[in-house]
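Below: the structure, in structure tokens.
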Amino acid sequence: MKILEKITDTFSDRLKTLLSKDNVEYAPDKISIGITTFENRFDNYFVPLLSRLKEYVPESEVIVAVNGEHRQTFNEIYRKRILEFISRYNKVYPVVFPQFRGLSKLWNNIVINSSNDFILMLNDDIMINNPSFLKDVCSAARKNKGRSFLINRSWSHFVINRSEIDELGYFDERLLGIGEEDGDMTWRYLHHFGREINSFKLKCFINYAEDTVNVYKPTNIRCHSGSKYSLFNRDFMFKEKYQSEPAGIKGMFDEPVSLKDPGEKQYPHERFYHLHKNDL
């Protein structure tokens, strides 16, 4: 028992050292890459992105979360096309969701299935224009002392440190649609760690999110403001999970808030999904 306690203490001390303020040399040895995608973006965005990744870093692990549509049968032609395309490359691993699942669910599954403790998360409407992009990401991780960080102040591309998300908690899977994941994690990160999640400017990434935000509307899902963003997620975030609080934390929100419903201390939130999937 004493030996086990000593091993546990040693691991805990090592983790604290890796995340300490003074450990400026720490950087990941290897980084997994995660991509979220769906049928509408296959030809114009996913194919060019994965092709470029495998041109620049052919031996890097890539986890692809392939989303379906809500209350609609998964397109068999798309299934065959994306699996055939992925199979051309080494070390690309698809996680396929026959029915639409929220972005939080996709991100969590990428983290869970990644072999490495650092994950570069990419939306499929990102492009890379520099063969040395992974060196730039590692350099930013070193400067950030191994902590998670955004790229170019956007949640379209960011780096997750598994140790941090294990401590903080995964993305809230009660966000069943698309939207609010960034505001929720920003608030929770600031609340838990007492600091904002950092951002690094990396010119090797091109973000087409603004071009695509109003083009695609998820099938059979109520959205708001003429965008792809789920009305369910917005209502849940500001009517159920958070409440206005002048002395609270603002983060990315329009006003300071406090946490009203942190949710059950469990993961994943599959029961919540099955209870509310028809509310999307």
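Simple scheme: letters A, B, ... for chains in structure tokens order, numbers from 1 for residues in each chain, numbers from 1 for ligands in the order shown.
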Next on the checklist: Quick one: residues within 9 Å of region 221-233 of chain A, only C-alpha atoms, excluding same-chain residues fewer than 5 positions away - as an MDAnalysis selection string?
Outcome noted: chainID A and resid 70 174:181 213:216 238 279:280
Next on the checklist: Can you tell me, as a PyMOL selection string, which residues in region 45-93 of chain A count as helix (DSSP H, G or I) by DSSP?
Outcome noted: chain A and resi 45-56+76-86
Restricted to C-alpha atoms, what would the selected residues look like written as an mmCIF file, in the first residue's frame?
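Final output, saved to selection_21.cif:
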```cif
data_model
loop_
_atom_site.group_PDB
_atom_site.id
_atom_site.type_symbol
_atom_site.label_atom_id
_atom_site.label_comp_id
_atom_site.auth_asym_id
_atom_site.auth_seq_id
_atom_site.Cartn_x
_atom_site.Cartn_y
_atom_site.Cartn_z
ATOM 1 C CA TYR A 45 -13.252 21.133 -47.108
ATOM 2 C CA PHE A 46 -12.509 17.684 -45.656
ATOM 3 C CA VAL A 47 -10.784 16.190 -48.718
ATOM 4 C CA PRO A 48 -8.384 19.142 -49.189
ATOM 5 C CA LEU A 49 -7.647 19.341 -45.449
ATOM 6 C CA LEU A 50 -6.803 15.666 -44.913
ATOM 7 C CA SER A 51 -4.831 15.579 -48.170
ATOM 8 C CA ARG A 52 -2.738 18.526 -47.000
ATOM 9 C CA LEU A 53 -2.221 17.059 -43.530
ATOM 10 C CA LYS A 54 -0.994 13.773 -44.932
ATOM 11 C CA GLU A 55 1.256 15.584 -47.359
ATOM 12 C CA TYR A 56 2.911 17.548 -44.552
ATOM 13 C CA GLU A 76 -24.624 5.284 -47.704
ATOM 14 C CA ILE A 77 -22.894 6.917 -50.650
ATOM 15 C CA TYR A 78 -21.177 9.387 -48.306
ATOM 16 C CA ARG A 79 -20.220 6.576 -45.915
ATOM 17 C CA LYS A 80 -18.531 4.647 -48.696
ATOM 18 C CA ARG A 81 -16.811 7.714 -50.132
ATOM 19 C CA ILE A 82 -15.329 8.976 -46.864
ATOM 20 C CA LEU A 83 -14.187 5.535 -45.706
ATOM 21 C CA GLU A 84 -12.602 4.874 -49.090
ATOM 22 C CA PHE A 85 -10.853 8.240 -49.027
ATOM 23 C CA ILE A 86 -9.599 7.819 -45.459
#
```
Item to check | Using only C-alpha atoms: which of A:Asp43, A:Lys135, A:Pro262, A:Ser154 has the shortest distance to Tyr208 (chain A) | outcome: A:Ser154
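Interatomic distance, CA of Leu106 (chain A) to CA of Thr36 (chain A): 6.8 Å.
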Checklist entry - Could you pull out the strand (DSSP E) residues of region 27-252 of chain A from DSSP and send them as number ranges by chain? => result A: 32-38, 62-67, 92-96, 118-123, 126-128, 149-151, 154-161, 198-200, 205-207, 242-249
Generate the output file for the selected residues, C-alpha atoms, as an mmCIF file, in the first residue's frame.
```
data_model
loop_
_atom_site.group_PDB
_atom_site.id
_atom_site.type_symbol
_atom_site.label_atom_id
_atom_site.label_comp_id
_atom_site.auth_asym_id
_atom_site.auth_seq_id
_atom_site.Cartn_x
_atom_site.Cartn_y
_atom_site.Cartn_z
ATOM 1 C CA SER A 32 -2.635 13.717 -32.337
ATOM 2 C CA ILE A 33 -4.801 15.628 -34.792
ATOM 3 C CA GLY A 34 -8.591 15.586 -34.549
ATOM 4 C CA ILE A 35 -11.021 16.627 -37.285
ATOM 5 C CA THR A 36 -14.805 16.962 -37.046
ATOM 6 C CA THR A 37 -16.686 16.675 -40.323
ATOM 7 C CA PHE A 38 -19.991 15.802 -42.016
ATOM 8 C CA VAL A 62 -5.486 11.693 -37.222
ATOM 9 C CA ILE A 63 -8.808 10.929 -35.529
ATOM 10 C CA VAL A 64 -11.805 11.862 -37.709
ATOM 11 C CA ALA A 65 -15.227 12.290 -36.093
ATOM 12 C CA VAL A 66 -17.777 11.786 -38.895
ATOM 13 C CA ASN A 67 -21.188 13.181 -37.990
ATOM 14 C CA VAL A 92 -6.223 7.934 -39.971
ATOM 15 C CA TYR A 93 -8.959 6.561 -37.721
ATOM 16 C CA PRO A 94 -12.656 7.362 -38.248
ATOM 17 C CA VAL A 95 -15.246 7.489 -35.483
ATOM 18 C CA VAL A 96 -18.619 7.444 -37.251
ATOM 19 C CA PHE A 118 -1.926 16.542 -26.733
ATOM 20 C CA ILE A 119 -4.553 16.911 -29.441
ATOM 21 C CA LEU A 120 -4.652 19.530 -32.183
ATOM 22 C CA MET A 121 -8.394 19.929 -32.817
ATOM 23 C CA LEU A 122 -9.457 21.182 -36.251
ATOM 24 C CA ASN A 123 -12.811 22.012 -37.751
ATOM 25 C CA ILE A 126 -9.516 24.936 -41.739
ATOM 26 C CA MET A 127 -6.617 24.812 -44.192
ATOM 27 C CA ILE A 128 -2.861 24.604 -43.549
ATOM 28 C CA PHE A 149 -4.524 26.950 -25.944
ATOM 29 C CA LEU A 150 -6.476 28.460 -28.830
ATOM 30 C CA ILE A 151 -5.035 29.280 -32.225
ATOM 31 C CA SER A 154 -10.618 30.871 -32.400
ATOM 32 C CA TRP A 155 -12.170 27.598 -31.249
ATOM 33 C CA SER A 156 -12.093 26.433 -34.871
ATOM 34 C CA HIS A 157 -8.576 25.201 -34.106
ATOM 35 C CA PHE A 158 -7.091 24.639 -30.666
ATOM 36 C CA VAL A 159 -4.821 22.348 -28.671
ATOM 37 C CA ILE A 160 -6.077 20.285 -25.743
ATOM 38 C CA ASN A 161 -3.844 18.936 -22.988
ATOM 39 C CA ASN A 198 -4.269 31.505 -23.906
ATOM 40 C CA SER A 199 -4.251 32.071 -27.655
ATOM 41 C CA PHE A 200 -1.295 32.008 -30.056
ATOM 42 C CA PHE A 205 -3.600 28.128 -40.460
ATOM 43 C CA ILE A 206 -6.333 29.561 -42.708
ATOM 44 C CA ASN A 207 -9.810 29.694 -41.178
ATOM 45 C CA TYR A 242 -25.937 29.631 -16.175
ATOM 46 C CA GLN A 243 -27.673 32.597 -14.608
ATOM 47 C CA SER A 244 -26.935 36.317 -14.613
ATOM 48 C CA GLU A 245 -24.769 37.327 -11.668
ATOM 49 C CA PRO A 246 -23.143 40.788 -11.385
ATOM 50 C CA ALA A 247 -20.379 39.310 -9.234
ATOM 51 C CA GLY A 248 -19.918 36.337 -11.572
ATOM 52 C CA ILE A 249 -17.479 35.639 -14.408
#
```
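In terms of minimum interatomic distance to Asp254 (chain A), A:Trp187 ranks closest within A:Glu164, A:Lys217, A:Leu275, A:Trp187, counting only C-alpha atoms.
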Checklist entry - Given the choices A:Lys30, A:Lys277, A:Lys265, A:Phe253, which gets closest to Ala141 (chain A) if the distance is worked out from only C-alpha atoms? => result A:Lys30
Checklist entry - Can you tell me, as a PyMOL selection string, what residues are no more than 9 Å from Met185 (chain A) when counting only C-alpha atoms, ignoring any on the same chain fewer than 4 positions away? => result chain A and resi 170-172+180-181+189-190
Checklist entry - Nearest to Ile165 (chain A) among A:Val111, A:Cys204, A:Ile197, A:Val137, with distances taken over only C-alpha atoms: which residue is it? => result A:Val111
Item to check | Option closest in space to Arg147 (chain A), from A:Tyr273, A:Ser115, A:Pro28, A:Thr219 [counting only C-alpha atoms] | outcome: A:Pro28
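Between CA of Phe100 (chain A) and CA of Phe74 (chain A) the interatomic distance comes to 9.1 Å.
Relative to CA of Gly251 (chain A), CA of Thr186 (chain A) is found at 6.1 Å.
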